[in-house]
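Asker: What follows is input01.txt, made up of compact mmCIF, C-alpha atoms:
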# COMPACT_ATOMS: atom_id res chain seq x y z
CA MET R 1 78.85 7.23 111.51
CA LYS R 2 82.11 5.47 112.42
CA LYS R 3 81.00 5.23 116.05
CA PHE R 4 77.68 3.72 114.99
CA ILE R 5 79.41 1.14 112.76
CA ASP R 6 81.85 0.24 115.56
CA SER R 7 78.92 -0.34 117.91
CA LEU R 8 77.25 -2.62 115.35
CA ILE R 9 80.49 -4.60 115.09
CA ASN R 10 80.55 -4.91 118.88
CA ALA R 11 76.96 -6.14 118.84
CA TRP R 12 77.97 -8.81 116.34
CA LYS R 13 80.72 -10.02 118.72
CA ILE R 14 78.16 -10.98 121.38
CA GLU R 15 77.01 -14.46 120.40
CA GLU R 16 73.62 -14.33 122.14
CA LEU R 17 72.81 -10.90 120.74
CA LYS R 18 73.89 -11.94 117.24
CA ASN R 19 71.64 -15.02 117.37
CA ARG R 20 68.71 -12.94 118.56
CA ILE R 21 69.18 -10.41 115.75
CA LEU R 22 69.45 -13.16 113.11
CA LEU R 23 66.33 -14.89 114.48
CA THR R 24 64.41 -11.61 114.42
CA LEU R 25 65.44 -10.82 110.84
CA GLY R 26 64.60 -14.36 109.71
CA MET R 27 61.10 -14.27 111.17
CA LEU R 28 60.45 -10.82 109.71
CA LEU R 29 61.47 -12.19 106.28
CA VAL R 30 59.04 -15.10 106.72
CA TYR R 31 56.26 -12.64 107.54
CA ARG R 32 57.05 -10.47 104.52
CA PHE R 33 57.16 -13.54 102.26
CA GLY R 34 53.75 -14.68 103.50
CA ALA R 35 52.32 -11.23 102.76
CA GLN R 36 53.01 -11.86 99.05
CA VAL R 37 51.26 -15.26 98.90
CA THR R 38 47.76 -14.88 97.43
CA LEU R 39 44.84 -16.90 98.79
CA PRO R 40 44.31 -20.17 96.89
CA GLY R 41 41.48 -19.88 94.38
CA ILE R 42 42.13 -16.21 93.47
CA ASP R 43 43.78 -15.10 90.24
CA ALA R 44 46.66 -12.87 91.39
CA THR R 45 46.69 -11.07 88.01
CA LYS R 46 43.19 -9.68 88.52
CA LEU R 47 43.56 -7.77 91.77
CA GLY R 48 43.57 -4.35 90.12
CA ASN R 49 40.25 -3.25 91.62
CA LEU R 50 41.39 -4.28 95.10
CA THR R 51 44.65 -2.35 94.64
CA ASN R 52 42.70 0.73 93.53
CA GLN R 53 40.53 0.44 96.63
CA THR R 54 43.63 0.73 98.82
CA ASP R 55 45.33 3.56 96.91
CA GLN R 56 43.93 6.25 99.20
CA GLY R 57 41.75 7.00 102.19
CA ILE R 58 40.89 4.43 104.85
CA GLY R 59 41.72 1.52 102.55
CA TRP R 60 45.27 2.80 102.26
CA LEU R 61 45.63 2.97 106.05
CA ILE R 62 44.46 -0.63 106.45
CA ASN R 63 46.81 -1.75 103.70
CA VAL R 64 49.76 -0.01 105.34
CA PHE R 65 49.25 -1.79 108.66
CA THR R 66 49.15 -5.17 106.89
CA GLY R 67 52.25 -4.38 104.86
CA GLY R 68 50.38 -4.52 101.54
CA ALA R 69 48.89 -7.94 102.29
CA PHE R 70 45.35 -6.54 102.23
CA SER R 71 45.64 -5.42 98.61
CA GLN R 72 47.35 -8.69 97.64
CA ALA R 73 44.46 -10.86 98.95
CA SER R 74 47.25 -12.55 100.90
CA VAL R 75 47.15 -15.33 103.46
CA PHE R 76 48.21 -12.56 105.90
CA ALA R 77 45.55 -10.14 104.59
CA LEU R 78 44.24 -9.46 108.11
CA GLY R 79 47.78 -9.19 109.43
CA ILE R 80 48.31 -8.87 113.16
CA MET R 81 45.46 -6.37 113.62
CA PRO R 82 42.96 -8.90 115.11
CA TYR R 83 45.51 -9.60 117.84
CA ILE R 84 45.93 -5.87 118.47
CA SER R 85 42.14 -5.50 118.68
CA ALA R 86 41.91 -8.43 121.11
CA SER R 87 44.67 -6.97 123.28
CA ILE R 88 42.86 -3.64 123.46
CA VAL R 89 39.55 -5.31 124.35
CA VAL R 90 41.14 -7.41 127.11
CA GLN R 91 42.92 -4.36 128.50
CA LEU R 92 39.71 -2.34 128.60
CA MET R 93 37.72 -5.23 130.07
CA GLY R 94 40.31 -5.42 132.84
CA ILE R 95 38.84 -2.21 134.24
CA ALA R 96 35.38 -3.69 134.78
CA ILE R 97 35.85 -7.47 135.19
CA PRO R 98 37.15 -8.53 138.63
CA TYR R 99 38.56 -11.82 137.29
CA LEU R 100 40.85 -9.99 134.86
CA GLN R 101 41.82 -7.52 137.59
CA LYS R 102 42.86 -10.46 139.77
CA LEU R 103 44.90 -11.96 136.94
CA GLN R 104 46.70 -8.65 136.44
CA LYS R 105 47.85 -8.82 140.07
CA ASP R 106 48.94 -12.48 139.95
CA GLY R 107 52.30 -11.79 138.35
CA GLU R 108 53.70 -14.16 135.73
CA SER R 109 50.96 -16.81 136.07
CA GLY R 110 48.26 -14.18 135.64
CA ARG R 111 50.05 -12.73 132.62
CA LYS R 112 50.12 -16.15 130.96
CA LYS R 113 46.37 -16.60 131.49
CA ILE R 114 45.66 -13.12 130.11
CA ASN R 115 47.79 -13.95 127.04
CA GLN R 116 45.80 -17.15 126.53
CA ILE R 117 42.50 -15.24 126.76
CA THR R 118 43.86 -12.72 124.25
CA ARG R 119 44.77 -15.53 121.82
CA TRP R 120 41.30 -17.07 121.95
CA LEU R 121 39.70 -13.67 121.49
CA THR R 122 42.00 -13.09 118.50
CA ILE R 123 40.62 -16.23 116.86
CA LEU R 124 37.03 -15.09 117.47
CA ILE R 125 37.72 -11.65 115.99
CA THR R 126 39.41 -13.21 112.96
CA LEU R 127 36.41 -15.51 112.44
CA VAL R 128 34.28 -12.36 112.17
CA GLN R 129 36.68 -10.31 110.07
CA GLY R 130 37.58 -13.20 107.74
CA PRO R 131 34.12 -13.55 106.11
CA GLY R 132 33.93 -9.74 105.96
CA TYR R 133 37.16 -9.64 103.99
CA ILE R 134 35.95 -12.37 101.61
CA TYR R 135 32.71 -10.44 101.10
CA ASN R 136 34.78 -7.38 100.22
CA LEU R 137 36.59 -9.49 97.61
CA TYR R 138 33.23 -10.59 96.17
CA THR R 139 32.10 -6.97 95.79
CA THR R 140 35.45 -5.66 94.50
CA LEU R 141 36.96 -8.27 92.20
CA PRO R 142 35.49 -9.49 88.87
CA ALA R 143 33.82 -12.90 88.83
CA ASP R 144 36.59 -14.48 86.74
CA ALA R 145 39.12 -13.68 89.50
CA PHE R 146 37.65 -16.56 91.54
CA LEU R 147 39.11 -19.74 90.07
CA LEU R 148 36.88 -22.05 92.15
CA GLY R 149 33.69 -20.17 91.33
CA PHE R 150 32.18 -16.91 92.47
CA THR R 151 29.90 -18.46 95.10
CA SER R 152 31.86 -21.61 95.90
CA PHE R 153 31.41 -22.72 99.52
CA SER R 154 34.72 -24.57 99.39
CA PHE R 155 36.48 -21.29 98.54
CA LEU R 156 34.72 -19.40 101.32
CA PHE R 157 35.44 -22.06 103.94
CA SER R 158 39.07 -22.62 102.94
CA SER R 159 39.78 -18.88 102.64
CA VAL R 160 38.40 -18.06 106.09
CA LEU R 161 40.34 -20.98 107.55
CA ILE R 162 43.55 -19.77 105.88
CA LEU R 163 43.00 -16.17 107.05
CA VAL R 164 42.50 -17.37 110.63
CA THR R 165 45.59 -19.57 110.38
CA GLY R 166 47.60 -16.70 108.87
CA THR R 167 46.71 -14.38 111.75
CA ILE R 168 47.55 -17.07 114.33
CA PHE R 169 50.87 -17.74 112.60
CA ALA R 170 51.67 -14.00 112.54
CA MET R 171 50.79 -13.83 116.24
CA TRP R 172 53.12 -16.77 116.91
CA LEU R 173 55.93 -15.08 114.97
CA GLY R 174 55.48 -11.92 117.03
CA GLU R 175 55.56 -13.78 120.34
CA LYS R 176 58.64 -15.77 119.31
CA ILE R 177 60.46 -12.58 118.34
CA THR R 178 59.62 -11.11 121.74
CA ASP R 179 60.83 -14.23 123.60
CA LYS R 180 63.80 -15.28 121.50
CA GLY R 181 64.66 -12.21 119.41
CA ILE R 182 65.15 -8.47 119.88
CA GLY R 183 62.37 -5.96 120.47
CA ASN R 184 58.61 -6.32 120.77
CA GLY R 185 57.63 -8.85 118.11
CA ILE R 186 54.09 -7.63 117.44
CA SER R 187 55.25 -4.03 117.08
CA LEU R 188 58.10 -5.09 114.79
CA LEU R 189 55.68 -6.93 112.49
CA ILE R 190 53.57 -3.79 112.20
CA MET R 191 56.63 -1.59 111.69
CA VAL R 192 58.12 -3.77 108.94
CA GLY R 193 54.75 -3.70 107.16
CA ILE R 194 54.69 0.10 107.33
CA ILE R 195 58.29 0.40 106.11
CA ALA R 196 57.52 -1.94 103.20
CA ARG R 197 55.10 0.66 101.80
CA MET R 198 57.53 3.59 102.07
CA PRO R 199 59.65 3.03 98.92
CA GLN R 200 56.62 2.87 96.64
CA ALA R 201 55.10 5.99 98.22
CA PHE R 202 58.37 7.91 97.92
CA ILE R 203 58.84 6.88 94.28
CA GLN R 204 55.33 8.12 93.51
CA GLU R 205 56.18 11.45 95.17
CA ILE R 206 59.41 11.79 93.17
CA SER R 207 57.50 11.02 89.98
CA SER R 208 54.91 13.66 90.81
CA ARG R 209 57.53 16.33 91.58
CA THR R 210 59.87 15.67 88.64
CA ILE R 211 58.07 14.01 85.73
CA GLN R 212 54.90 16.06 86.21
CA ALA R 213 56.92 19.23 86.94
CA ASN R 214 55.19 19.76 90.29
CA GLY R 215 57.93 21.57 92.22
CA GLY R 216 61.04 19.74 91.11
CA ILE R 217 64.00 18.52 93.12
CA MET R 218 63.94 21.46 95.56
CA MET R 219 60.49 20.46 96.82
CA ILE R 220 61.70 16.90 97.35
CA VAL R 221 64.65 18.19 99.41
CA LEU R 222 62.28 20.41 101.42
CA GLU R 223 59.98 17.46 102.07
CA ILE R 224 62.86 15.27 103.27
CA VAL R 225 64.11 17.99 105.64
CA LEU R 226 60.59 18.49 107.00
CA TRP R 227 60.20 14.72 107.39
CA PHE R 228 63.36 14.55 109.53
CA VAL R 229 62.08 17.45 111.64
CA ILE R 230 58.84 15.56 112.29
CA ILE R 231 60.81 12.43 113.20
CA ILE R 232 62.79 14.46 115.76
CA ALA R 233 59.52 15.83 117.16
CA CYS R 234 58.15 12.27 117.46
CA ILE R 235 61.32 11.16 119.27
CA LEU R 236 60.94 14.04 121.72
CA LEU R 237 57.30 13.09 122.31
CA VAL R 238 58.15 9.43 122.92
CA MET R 239 61.15 10.11 125.18
CA ALA R 240 59.90 13.14 127.16
CA VAL R 241 59.34 12.50 130.88
CA ARG R 242 58.60 14.53 133.97
CA LYS R 243 60.91 13.41 136.80
CA ILE R 244 59.29 13.39 140.23
CA PRO R 245 62.03 13.39 142.93
CA VAL R 246 61.76 10.64 145.54
CA GLN R 247 63.52 10.60 148.93
CA TYR R 248 64.25 7.35 150.77
CA ALA R 249 64.63 6.96 154.52
CA ARG R 250 67.96 5.99 156.07
CA ARG R 251 68.89 2.47 155.06
CA THR R 252 72.08 0.46 155.41
CA VAL R 253 73.09 -2.07 152.79
CA SER R 254 75.50 -4.63 154.22
CA GLY R 255 77.65 -7.32 152.69
CA ASP R 256 81.32 -6.96 151.99
CA PHE R 257 80.81 -3.32 152.81
CA GLU R 258 78.20 -1.06 154.35
CA GLN R 259 76.66 1.81 152.46
CA ASP R 260 74.68 4.57 154.11
CA MET R 261 71.76 5.40 151.82
CA MET R 262 70.34 8.28 153.87
CA GLY R 263 69.34 11.09 151.55
CA SER R 264 69.43 8.83 148.50
CA ARG R 265 67.40 10.53 145.77
CA GLN R 266 65.71 8.80 142.88
CA PHE R 267 63.03 9.79 140.41
CA ILE R 268 59.64 8.57 139.24
CA PRO R 269 59.59 9.17 135.46
CA LEU R 270 56.09 10.18 134.32
CA LYS R 271 55.95 10.10 130.53
CA LEU R 272 54.55 13.08 128.65
CA ASN R 273 52.78 10.65 126.34
CA ALA R 274 52.08 7.64 128.55
CA SER R 275 49.39 6.30 126.20
CA GLY R 276 51.64 5.87 123.15
CA VAL R 277 49.79 5.48 119.84
CA MET R 278 46.69 3.91 121.39
CA PRO R 279 44.60 7.15 121.36
CA ILE R 280 45.21 7.45 117.60
CA ILE R 281 44.19 3.81 117.05
CA PHE R 282 41.03 4.29 119.14
CA ALA R 283 40.19 7.53 117.33
CA GLN R 284 40.70 5.96 113.90
CA ALA R 285 38.43 3.06 114.85
CA ILE R 286 35.72 5.55 115.83
CA MET R 287 36.24 7.56 112.62
CA PHE R 288 35.41 4.46 110.55
CA ILE R 289 31.89 4.31 112.02
CA PRO R 290 30.25 7.47 110.55
CA ALA R 291 31.38 6.62 107.02
CA ALA R 292 30.21 3.01 107.35
CA VAL R 293 26.81 3.89 108.83
CA SER R 294 26.18 6.80 106.44
CA GLY R 295 27.09 4.61 103.50
CA LEU R 296 24.07 2.40 104.23
CA SER R 297 21.70 5.25 103.34
CA LYS R 298 21.22 6.75 99.89
CA SER R 299 20.07 10.18 101.07
CA ASP R 300 22.08 13.25 100.13
CA ALA R 301 22.78 14.14 103.77
CA ALA R 302 24.06 10.65 104.53
CA GLN R 303 26.26 10.65 101.45
CA SER R 304 27.66 14.04 102.45
CA VAL R 305 28.54 12.73 105.92
CA ALA R 306 30.07 9.61 104.38
CA GLY R 307 32.18 11.78 102.11
CA MET R 308 33.46 13.98 104.96
CA PHE R 309 34.46 11.02 107.14
CA SER R 310 35.96 9.03 104.27
CA ASN R 311 38.53 11.70 103.44
CA PRO R 312 41.45 11.52 105.95
CA PHE R 313 42.78 14.82 104.58
CA GLY R 314 39.52 16.76 104.97
CA LEU R 315 39.06 19.62 107.47
CA VAL R 316 36.04 18.18 109.31
CA TYR R 317 37.63 14.73 109.53
CA ASN R 318 40.82 16.08 111.10
CA ILE R 319 39.08 18.41 113.57
CA VAL R 320 36.97 15.54 114.91
CA PHE R 321 40.00 13.23 114.75
CA ALA R 322 42.14 15.62 116.85
CA LEU R 323 39.40 16.08 119.48
CA LEU R 324 38.95 12.31 119.80
CA ILE R 325 42.70 11.85 120.24
CA ILE R 326 42.79 14.38 123.09
CA ILE R 327 39.84 12.68 124.81
CA PHE R 328 41.23 9.18 124.38
CA THR R 329 44.67 10.28 125.57
CA TYR R 330 43.19 11.28 128.92
CA PHE R 331 41.05 8.13 129.05
CA TYR R 332 43.83 5.69 128.20
CA THR R 333 46.35 7.41 130.48
CA ALA R 334 43.86 7.18 133.36
CA ILE R 335 43.47 3.41 132.97
CA THR R 336 47.12 2.55 132.27
CA VAL R 337 48.98 4.76 134.78
CA PRO R 338 48.03 3.46 138.28
CA THR R 339 49.03 6.47 140.36
CA ASN R 340 47.45 5.03 143.53
CA LYS R 341 49.40 1.77 143.12
CA MET R 342 52.58 3.75 142.51
CA ALA R 343 51.96 5.66 145.76
CA ASP R 344 51.35 2.42 147.71
CA ASP R 345 54.49 0.78 146.32
CA LEU R 346 56.50 3.88 147.17
CA LYS R 347 55.18 3.86 150.74
CA ARG R 348 55.98 0.16 151.23
CA SER R 349 59.54 0.67 150.00
CA GLY R 350 60.12 3.49 152.48
CA GLY R 351 60.15 6.26 149.90
CA PHE R 352 58.32 9.57 149.79
CA ILE R 353 58.07 12.68 147.66
CA PRO R 354 59.58 15.65 149.55
CA GLY R 355 56.82 17.83 150.95
CA ILE R 356 54.08 15.27 150.24
CA ARG R 357 52.72 12.80 152.78
CA PRO R 358 52.99 9.11 151.80
CA GLY R 359 49.81 7.27 150.84
CA VAL R 360 46.68 8.99 149.60
CA GLU R 361 48.23 12.46 149.29
CA THR R 362 51.06 11.05 147.19
CA GLY R 363 48.55 9.31 144.92
CA ASP R 364 46.57 12.54 144.51
CA TYR R 365 49.76 14.48 143.82
CA LEU R 366 50.92 12.02 141.13
CA ASP R 367 47.45 12.04 139.59
CA ARG R 368 47.43 15.84 139.46
CA ILE R 369 50.89 15.97 137.85
CA MET R 370 49.86 13.29 135.36
CA SER R 371 46.79 15.30 134.38
CA LEU R 372 48.85 18.47 133.91
CA ILE R 373 51.48 16.87 131.66
CA THR R 374 48.90 14.85 129.72
CA PHE R 375 47.30 18.02 128.35
CA PRO R 376 50.33 19.26 126.34
CA GLY R 377 51.14 15.64 125.50
CA SER R 378 47.65 15.11 124.04
CA LEU R 379 47.87 18.35 122.05
CA PHE R 380 51.26 17.38 120.65
CA LEU R 381 49.98 13.88 119.80
CA ALA R 382 46.91 15.32 118.05
CA LEU R 383 49.11 17.74 116.08
CA ILE R 384 51.36 14.92 114.87
CA ALA R 385 48.30 12.80 114.00
CA VAL R 386 46.76 15.48 111.75
CA PHE R 387 50.06 16.73 110.30
CA PRO R 388 49.76 14.50 107.18
CA ALA R 389 46.64 16.45 106.22
CA VAL R 390 48.58 19.70 106.71
CA VAL R 391 51.43 18.74 104.37
CA VAL R 392 49.02 17.34 101.78
CA SER R 393 46.98 20.57 101.79
CA LEU R 394 49.85 23.10 101.95
CA LEU R 395 52.68 21.36 100.08
CA LYS R 396 50.51 19.30 97.72
CA VAL R 397 52.30 16.12 98.76
CA GLN R 398 50.98 12.84 97.36
CA GLY R 399 48.57 11.21 99.82
CA ALA R 400 50.53 7.95 100.03
CA TRP R 401 53.73 9.80 101.01
CA GLY R 402 51.88 12.31 103.18
CA TYR R 403 50.81 9.56 105.60
CA PHE R 404 54.44 9.13 106.67
CA TYR R 405 54.57 12.70 108.01
CA GLY R 406 52.79 11.77 111.21
CA GLY R 407 49.95 9.73 112.61
CA THR R 408 50.16 6.15 113.75
CA SER R 409 52.65 5.10 111.06
CA LEU R 410 55.46 7.45 112.07
CA LEU R 411 54.88 7.13 115.81
CA ILE R 412 54.98 3.33 115.59
CA MET R 413 58.21 3.40 113.57
CA VAL R 414 59.87 5.82 116.00
CA GLY R 415 58.63 4.06 119.13
CA VAL R 416 59.60 0.57 117.96
CA ALA R 417 63.00 1.76 116.74
CA ILE R 418 63.75 3.41 120.10
CA ASP R 419 62.61 0.32 122.04
CA THR R 420 64.73 -2.02 119.89
CA ILE R 421 67.83 0.19 120.16
CA GLN R 422 67.40 0.36 123.93
CA GLN R 423 67.30 -3.45 124.14
CA ILE R 424 70.45 -3.75 122.02
CA ASN R 425 72.11 -1.11 124.19
CA SER R 426 71.31 -3.11 127.32
CA TYR R 427 73.12 -6.13 125.87
CA LEU R 428 76.12 -4.01 124.91
CA LEU R 429 76.32 -2.36 128.34
CA ASN R 430 76.06 -5.73 130.09
CA LYS R 431 79.08 -6.88 128.10
CA HIS R 432 80.95 -3.64 128.94
CA TYR R 433 80.46 -2.01 125.54
CA ASP R 434 79.07 1.46 124.89
CA GLY R 435 75.65 1.72 123.28
CA LEU R 436 74.73 2.31 119.66
CA MET R 437 74.82 6.07 120.04
CA LYS R 438 78.30 6.16 121.63
CA THR R 439 81.77 4.85 120.94
CA GLY R 440 82.26 1.14 120.61
CA LYS R 441 85.41 0.86 122.72
CA ASN R 442 85.58 -1.93 125.21
CA ARG R 443 84.76 -0.79 128.74
CA LYS R 444 86.75 -1.99 131.69
CA ALA R 445 84.88 -4.47 133.81
CA VAL R 446 84.06 -3.29 137.30
CA ALA R 447 86.17 -5.10 139.84
Could you write out this structure as structure tokens?

Answerer:
Amino acid sequence: MKKFIDSLINAWKIEELKNRILLTLGMLLVYRFGAQVTLPGIDATKLGNLTNQTDQGIGWLINVFTGGAFSQASVFALGIMPYISASIVVQLMGIAIPYLQKLQKDGESGRKKINQITRWLTILITLVQGPGYIYNLYTTLPADAFLLGFTSFSFLFSSVLILVTGTIFAMWLGEKITDKGIGNGISLLIMVGIIARMPQAFIQEISSRTIQANGGIMMIVLEIVLWFVIIIACILLVMAVRKIPVQYARRTVSGDFEQDMMGSRQFIPLKLNASGVMPIIFAQAIMFIPAAVSGLSKSDAAQSVAGMFSNPFGLVYNIVFALLIIIFTYFYTAITVPTNKMADDLKRSGGFIPGIRPGVETGDYLDRIMSLITFPGSLFLALIAVFPAVVVSLLKVQGAWGYFYGGTSLLIMVGVAIDTIQQINSYLLNKHYDGLMKTGKNRKAVA
């Protein structure tokens, strides 16, 4: 602990890093404050039905990703999710649309144009989701909760406009954190929303175990130990890589000195889980569809299907969920890991994999290795995704606390935390300090 504290003190000594951390914390506070501001025209004291709607199931998941703003009828009720949806759509469209493929190859200028397309698509998605959210308020809240009238056009228009503006402002906060702060801004906004729901969920679990005599303190200790074990498993999944050795031809680097680089070995790190949390997000989006479609029919069969796919802790739901995650892991890895491009870049730089011919054979070899390591990675990812249902069923954990034992929530928290720590470490190492996980003693500058 002393080493960690010393490293934090060293981080505070670096003026640029300190300013970036303060800016990041300030913008996260602004986002959390906005999540508590209720839409104008809604009585904040009469949101009980909306809160009940988000106490469990799919509603709870949506509320977690918006940091509770969804259940507060907040100006940030849609959160950053429309931007995430737009980013996914643009990324997938890049496979089929030549114009987007060209932009992806144009470097920084192409990236700026893709970001602009993503922003406009975010606005369009929000314009669709905004009225849907207001309609949900109409069907959930009592009529006297609407101060401007239940069917007031002025309320509908102003609320949709505010929801769109809130999402754009949240998007702007995320981009500013990425540019001027520490870490990936969009991911940090999601993570801070998830963390904001943890204390309430944990307090509910403690109440269930102690006040209701449902296992007592020993069960709480067991749950905390198990939670840390799952966090370690998530860290291993995020950090695990397969190193492919690369040999470079004889090269001489000249300057003040000459260095013979013949036999220089490097590695291509292929991640065990190259797709991150995206397969879980895709799978969850698909899992919403059966419940929504079945809910339109009043037949017994349709209601049964709706019930099965509305219960995130049910057996059928989790079997289908796990299979979709495995499928989407392969799909997303295939479109995001350009093995052929990696092989071409390696060939142009004079590198080769020992025993493999440069070019097409190298691309095929990398693709085969990627397929082999993706299988255990997808199984591990699916297991972590369905683990909340396991702990809820076996340990009788409260549903709200059970969600933090895996799935998107835990993977996002672990992934964002690792990414942020790595960025802070890079600043410390550049200033000749050890990283957060090592001693904080000043390193000697290299002469």

Asker: Given only C-alpha atoms as the basis, pick out the residue of R:Pro312, R:Asp344, R:Val416, R:Ile353 nearest to Ala385 in chain R.

Answerer: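 Of the candidates, the smallest distance to Ala385 in chain R is held by R:Pro312.
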
Asker: Any idea what the distance is between CA of Tyr83 in chain R and CA of Ser187 in chain R?

Answerer: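 Between these atoms lies a distance of 11.2 Å.
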
Asker: Would you mind listing what lies within 12 Å of Ser87 in chain R as a tab-separated table (two decimals) with C-alpha atoms, in the frame of the given file, with all atoms listed in the file counted and same-chain residues fewer than 4 positions away left out?

Answerer:
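Okay, selection08.tsv is ready:
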chain	number	residue	atom	x	y	z
R	80	ILE	CA	48.31	-8.87	113.16
R	81	MET	CA	45.46	-6.37	113.62
R	82	PRO	CA	42.96	-8.90	115.11
R	83	TYR	CA	45.51	-9.60	117.84
R	91	GLN	CA	42.92	-4.36	128.50
R	92	LEU	CA	39.71	-2.34	128.60
R	93	MET	CA	37.72	-5.23	130.07
R	94	GLY	CA	40.31	-5.42	132.84
R	114	ILE	CA	45.66	-13.12	130.11
R	115	ASN	CA	47.79	-13.95	127.04
R	116	GLN	CA	45.80	-17.15	126.53
R	117	ILE	CA	42.50	-15.24	126.76
R	118	THR	CA	43.86	-12.72	124.25
R	119	ARG	CA	44.77	-15.53	121.82
R	120	TRP	CA	41.30	-17.07	121.95
R	121	LEU	CA	39.70	-13.67	121.49
R	122	THR	CA	42.00	-13.09	118.50
R	123	ILE	CA	40.62	-16.23	116.86
R	125	ILE	CA	37.72	-11.65	115.99
R	171	MET	CA	50.79	-13.83	116.24
R	186	ILE	CA	54.09	-7.63	117.44
R	278	MET	CA	46.69	3.91	121.39

Asker: Find the residue from R:Phe282, R:Phe321, R:Leu100, R:Ala417 that sits nearest to Lys112 in chain R; use only C-alpha atoms when measuring.

Answerer: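 Distance minimum relative to Lys112 in chain R lands on R:Leu100.
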
Asker: From (48.4, 1.4, 100.6), in the file's coordinates, out to 12 Å: which residues are reached, counting only C-alpha atoms? Answer as a ChimeraX atom specification.

Answerer: /R:50-72,193-201,204,399-404,409

Asker: Could you check the closest approach to Arg111 in chain R for each of R:Leu23, R:Ile244, R:Val90, R:Asp43 and tell me which residue wins, using all atoms listed in the file?

Answerer: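 Answer, going by the shortest atom-to-atom distance: R:Val90.
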
Asker: Fewer than 6 positions away in the same chain doesn't count, so skip those; otherwise give me all residues within 7 Å of range 327-338 of chain R, counting only C-alpha atoms, as a list in words.

Answerer: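 Counting only C-alpha atoms, the residues come to Ala274, Ser275, Pro279, Thr374 and Ser378 of chain R.
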
Asker: Env of Val37 in chain R: 10 Å cut, atoms = all atoms listed in the file, seq-sep filter 4 positions within chain, self excluded. Answer as a ChimeraX atom specification.

Answerer: /R:32-33,44,69,72-77

Asker: With all atoms listed in the file as the basis for distance, which of R:Ser299, R:Gln398, R:Ser426, R:Asn311 is at the shortest distance from Arg209 in chain R?

Answerer: R:Gln398

Asker: Quick one: residues within 12 Å of range 379-383 of chain R, only C-alpha atoms, excluding same-chain residues fewer than 2 positions away - as a ChimeraX atom specification?

Answerer: /R:230,233-238,240,272-281,283-284,318-330,372-377,385-391,405-408,410-411

Asker: In Å, how far is it from CA of Ser159 in chain R to CA of Tyr31 in chain R?

Answerer: 18.3 Å

Asker: Select, from R:Leu137, R:Val246, R:Ala35, R:Val225, the residue with the minimum atom-to-atom distance to Phe169 in chain R, counting only C-alpha atoms.

Answerer: R:Ala35

Asker: For Gln266 in chain R, which residue among R:Tyr133, R:Tyr99, R:Tyr248, R:Phe202 is the nearest when counting all atoms listed in the file?

Answerer: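 Distance minimum relative to Gln266 in chain R lands on R:Tyr248.
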